[in-house]
Amino acid sequence: MSDPVPAIEVRHLVKSYAGATAVNDISFSVARGEILGFLGPNGAGKSTTMRILTGYLPATSGHVSICGIPAATQPDMVKRQIGYMPENNPLPEDMRVSEYLYFRGRLKELTRRKLSPRIDEVLELCDLKRVRHKIIGKLSKGFRQRVGIAEAILAEPPVIIMDEPTIGLDPHQILIVRDLIASLRGRMTVLISSHILPEIEMTCDRVLIINQGRVVAQGTPAELRREILGRSTYELEFAGDVAALPAVLTAVDPELHVVTTGEPDADGFRALRLTTSHDTELGEALLHALSARADFRLRSLSRAHPTLEDVFLAATRRSWDVRSEDLRKN
Ligand SMILES: Nc1ncnc2c1ncn2[C@@H]1O[C@H](COP(=O)(O)OP(=O)(O)OP(=O)(O)O)[C@@H](O)[C@H]1O
């Protein structure tokens, strides 16, 4: 049975900085063992929210608790529950990797006896064994990010919060960090912000999108696709009379229609995009209906899957439109 106390609980969180509201009535919760992607355009309020969750910044109002412990009244207890990797994580340039982890482990009150084997474990997990005796200031960005992650998971806290852990990394390093985060699934609760949306889609169980300090969408990537984009798209390579298509398509699904038609290639095939607001899988019925016509030729047919980037752009644009509408009314 899953633990009834969520790892992270946020209710009606508000944070104002000298008159400007950075976080405006945000509510969400994260179950134990879940990996949540925290998305939003620049300035949406992600870092502010993360700093409040980690007990480093007080909220203006609202409630935040980590594993049932309220951040407002017990920030020190909350810090013990969390491994936090802030944006542009500052690391001591002149310390060696293992020396730094030892120092941080002692600050986290790990006993000397436990600390040595645990440092070996995190060095292994973060692929840092080769550089354990290197000076941090001489490491490349990818290694430094991994030192930050190693530090965050060192004391095996139940909750890990990472602000842009893959920022500035090359695709190989991103892959390593992605696998590392995925390896925490089920063992730790992870909240991770990133602008690299394919990464989030591959790593996270659920996604929360905020814009201008408000939650504009939350759910699994599949749920968000349905909720935000609310339609299915099919792509096909077709040769034949395009004007004869609508009658065939509406017999498959009354709402199915052609949205774009490409130019025919040398063999007479053109790329077509079809869309419908219905979510039912139509591939088989479509294949059947199109193949039944002797004057139609079909070279390929596939259902197009919108990316998380499509969802993100639509959700943040939609909330921007709603807000502009409010401003016009007031
Ligand atoms: N210390 C501060 N004082 C005043 N305003 C601040 C402060 N920190 C953040 N802000 C403002 O609060 C808003 C939210 O900023 P925040 O850094 O939380 O956004 P973010 O979503 O993390 O953005 P990014 O993706 O660019 O890191 C922004 O308008 C920012 O300018």
# chains A, B, ... in the order shown; residues from 1 in each chain; ligands from 1

$ residues_near_ligand --ligand "ligand 1" --cutoff "12 Å" --atoms "only C-alpha atoms and all ligand atoms" --output "PyMOL selection string"
chain A and resi 14-24+38-52+56-58+86-88+162-165+167+192-196+209-215

$ select_by_dssp --residues "range 22-103 of chain A" --states "helix (DSSP H, G or I)" --output "PyMOL selection string"
chain A and resi 46-53+75-81+97-103

$ residues_around --residues "range 101-105 of chain A" --least-positions-apart "4" --cutoff "10 Å" --atoms "only C-alpha atoms" --output "PyMOL selection string"
chain A and resi 95-97+109-112+114-116+118-119+122-123+132+147-148+150-152+154-155

$ write_last_selection --atoms "N, CA and C atoms" --output "compact mmCIF listing (two decimals), in the first residue's frame"
# COMPACT_ATOMS: atom_id res chain seq x y z
N MET A 95 38.65 21.98 -3.35
CA MET A 95 38.56 20.70 -2.61
C MET A 95 38.60 19.52 -3.57
N ARG A 96 39.09 18.38 -3.11
CA ARG A 96 39.02 17.16 -3.93
C ARG A 96 37.62 16.56 -3.79
N VAL A 97 37.20 15.78 -4.81
CA VAL A 97 35.83 15.26 -4.84
C VAL A 97 35.49 14.47 -3.57
N GLU A 109 25.62 14.79 9.27
CA GLU A 109 25.64 13.95 10.48
C GLU A 109 25.69 12.46 10.20
N LEU A 110 26.32 12.07 9.09
CA LEU A 110 26.57 10.65 8.85
C LEU A 110 27.78 10.26 9.70
N THR A 111 27.72 9.08 10.31
CA THR A 111 28.86 8.68 11.16
C THR A 111 30.05 8.35 10.26
N ARG A 112 31.26 8.46 10.79
CA ARG A 112 32.48 8.16 10.01
C ARG A 112 32.42 6.75 9.44
N LYS A 114 29.79 4.91 8.64
CA LYS A 114 28.85 4.76 7.54
C LYS A 114 29.31 5.54 6.31
N LEU A 115 30.00 6.66 6.57
CA LEU A 115 30.27 7.59 5.50
C LEU A 115 31.20 7.03 4.41
N SER A 116 32.29 6.36 4.82
CA SER A 116 33.25 5.87 3.81
C SER A 116 32.60 4.94 2.79
N ARG A 118 29.49 4.67 2.06
CA ARG A 118 28.44 5.40 1.32
C ARG A 118 29.07 6.29 0.24
N ILE A 119 30.23 6.89 0.55
CA ILE A 119 30.91 7.72 -0.47
C ILE A 119 31.30 6.83 -1.65
N VAL A 122 28.12 6.25 -3.76
CA VAL A 122 27.65 7.36 -4.61
C VAL A 122 28.66 7.67 -5.72
N LEU A 123 29.95 7.46 -5.44
CA LEU A 123 30.95 7.67 -6.50
C LEU A 123 30.71 6.69 -7.64
N ARG A 132 37.80 10.80 -8.16
CA ARG A 132 37.59 11.01 -6.73
C ARG A 132 38.71 11.82 -6.08
N VAL A 147 28.94 15.67 -9.33
CA VAL A 147 29.38 15.84 -7.93
C VAL A 147 28.20 16.44 -7.14
N GLY A 148 27.49 17.38 -7.76
CA GLY A 148 26.31 18.00 -7.11
C GLY A 148 25.24 16.96 -6.82
N ALA A 150 25.76 13.68 -6.53
CA ALA A 150 26.31 12.77 -5.52
C ALA A 150 26.10 13.36 -4.12
N GLU A 151 26.31 14.65 -4.01
CA GLU A 151 26.14 15.32 -2.71
C GLU A 151 24.67 15.28 -2.29
N ALA A 152 23.77 15.50 -3.26
CA ALA A 152 22.33 15.53 -2.94
C ALA A 152 21.82 14.18 -2.45
N LEU A 154 23.74 11.76 -1.10
CA LEU A 154 24.71 11.16 -0.16
C LEU A 154 24.06 10.58 1.10
N ALA A 155 23.22 11.38 1.75
CA ALA A 155 22.65 10.95 3.03
C ALA A 155 21.36 10.14 2.84

$ residues_around --residues "Pro92 in chain A" --least-positions-apart "3" --cutoff "8 Å" --atoms "only C-alpha atoms" --output "VMD selection string"
chain A and resid 95 100 136 to 137

$ residues_around --residues "range 259-266 of chain A" --least-positions-apart "5" --cutoff "10 Å" --atoms "only C-alpha atoms" --output "number ranges by chain"
A: 233-240, 242, 271-276

$ closest_residue --among "A:Pro158, A:Pro221, A:Pro254, A:Pro70" --to "Asp310 in chain A" --atoms "only C-alpha atoms"
A:Pro221

$ closest_residue --among "A:Phe269, A:Phe143, A:Phe28, A:Tyr84" --to "Arg299 in chain A" --atoms "only C-alpha atoms"
A:Phe269

$ residues_around --residues "Glu281 in chain A" --least-positions-apart "6" --cutoff "12 Å" --atoms "only C-alpha atoms" --output "ChimeraX atom specification"
/A:231-234,252-253,256,275,287,302-304

$ write_last_selection --atoms "C-alpha atoms" --output "JSON list (two decimals), in the first residue's frame"
[["chain", "number", "residue", "atom", "x", "y", "z"],
["A", 231, "ARG", "CA", -6.90, 15.51, -30.58],
["A", 232, "SER", "CA", -5.28, 12.71, -32.54],
["A", 233, "THR", "CA", -3.20, 13.23, -35.64],
["A", 234, "TYR", "CA", -2.35, 10.73, -38.38],
["A", 252, "VAL", "CA", -14.27, 6.13, -40.46],
["A", 253, "ASP", "CA", -14.82, 8.99, -37.96],
["A", 256, "LEU", "CA", -11.64, 13.06, -39.19],
["A", 275, "THR", "CA", -6.81, 15.13, -37.38],
["A", 287, "LEU", "CA", -5.96, 1.34, -43.45],
["A", 302, "SER", "CA", 1.17, 6.34, -38.70],
["A", 303, "ARG", "CA", -0.30, 8.09, -35.72],
["A", 304, "ALA", "CA", 1.67, 11.22, -34.82]]

$ residues_around --residues "range 198-201 of chain A" --least-positions-apart "2" --cutoff "8 Å" --atoms "only C-alpha atoms" --output "PDB file with N, CA and C atoms, in the first residue's frame"
ATOM      1  N   GLY A  37       8.425  16.096 -12.939  1.00  0.00           N
ATOM      2  CA  GLY A  37       9.078  17.134 -13.738  1.00  0.00           C
ATOM      3  C   GLY A  37       8.380  18.454 -13.480  1.00  0.00           C
ATOM      4  N   ARG A 178      20.471  11.427 -16.855  1.00  0.00           N
ATOM      5  CA  ARG A 178      19.108  10.883 -16.969  1.00  0.00           C
ATOM      6  C   ARG A 178      19.027   9.482 -16.360  1.00  0.00           C
ATOM      7  N   SER A 194      13.593  21.479 -15.459  1.00  0.00           N
ATOM      8  CA  SER A 194      14.481  21.456 -16.629  1.00  0.00           C
ATOM      9  C   SER A 194      13.781  22.122 -17.791  1.00  0.00           C
ATOM     10  N   ILE A 196      14.877  21.041 -20.739  1.00  0.00           N
ATOM     11  CA  ILE A 196      15.127  20.033 -21.771  1.00  0.00           C
ATOM     12  C   ILE A 196      13.968  19.039 -21.711  1.00  0.00           C
ATOM     13  N   THR A 203      12.177  10.778 -18.274  1.00  0.00           N
ATOM     14  CA  THR A 203      12.552  10.458 -16.894  1.00  0.00           C
ATOM     15  C   THR A 203      11.382  10.489 -15.914  1.00  0.00           C
ATOM     16  N   CYS A 204      10.402  11.372 -16.173  1.00  0.00           N
ATOM     17  CA  CYS A 204       9.431  11.670 -15.114  1.00  0.00           C
ATOM     18  C   CYS A 204       8.137  10.869 -15.221  1.00  0.00           C
ATOM     19  N   VAL A 207       4.177  15.374 -14.668  1.00  0.00           N
ATOM     20  CA  VAL A 207       4.718  16.690 -14.995  1.00  0.00           C
ATOM     21  C   VAL A 207       3.795  17.759 -14.416  1.00  0.00           C
ATOM     22  N   PRO A 221       2.524  12.738 -18.991  1.00  0.00           N
ATOM     23  CA  PRO A 221       2.609  13.326 -20.331  1.00  0.00           C
ATOM     24  C   PRO A 221       1.424  12.905 -21.211  1.00  0.00           C
ATOM     25  N   THR A 307       4.839  15.936 -28.918  1.00  0.00           N
ATOM     26  CA  THR A 307       5.869  15.859 -27.886  1.00  0.00           C
ATOM     27  C   THR A 307       5.435  16.672 -26.671  1.00  0.00           C
ATOM     28  N   LEU A 308       6.210  16.500 -25.588  1.00  0.00           N
ATOM     29  CA  LEU A 308       5.942  17.297 -24.387  1.00  0.00           C
ATOM     30  C   LEU A 308       6.148  18.779 -24.706  1.00  0.00           C
ATOM     31  N   GLU A 309       7.027  19.055 -25.658  1.00  0.00           N
ATOM     32  CA  GLU A 309       7.263  20.447 -26.056  1.00  0.00           C
ATOM     33  C   GLU A 309       5.981  21.050 -26.647  1.00  0.00           C
TER      34      GLU A 309
END

$ closest_residue --among "A:Leu245, A:Met188, A:Val216, A:Ala251" --to "Ile26 in chain A" --atoms "only C-alpha atoms"
A:Val216

$ closest_residue --among "A:Leu91, A:Ile35, A:Leu313, A:Val10" --to "Ile160 in chain A" --atoms "only C-alpha atoms"
A:Ile35

$ select_by_dssp --residues "range 228-278 of chain A" --states "strand (DSSP E or B)" --output "list in words"
Ser232, Thr233, Tyr234, Glu235, Leu236, Glu237, Phe238, Ala239, His257, Val258, Val259, Thr260, Thr261, Arg270, Ala271, Leu272, Arg273, Leu274, Thr275 and Thr276 of chain A

$ atom_distance --atom1 "CA of Leu191 in chain A" --atom2 "CA of Thr54 in chain A"
11.1 Å

$ closest_residue --among "A:Gly168, A:Gly83, A:Pro117, A:Gly68" --to "Ser98 in chain A" --atoms "only C-alpha atoms"
A:Pro117

$ atom_distance --atom1 "CA of Glu284 in chain A" --atom2 "CA of Glu223 in chain A"
23.1 Å
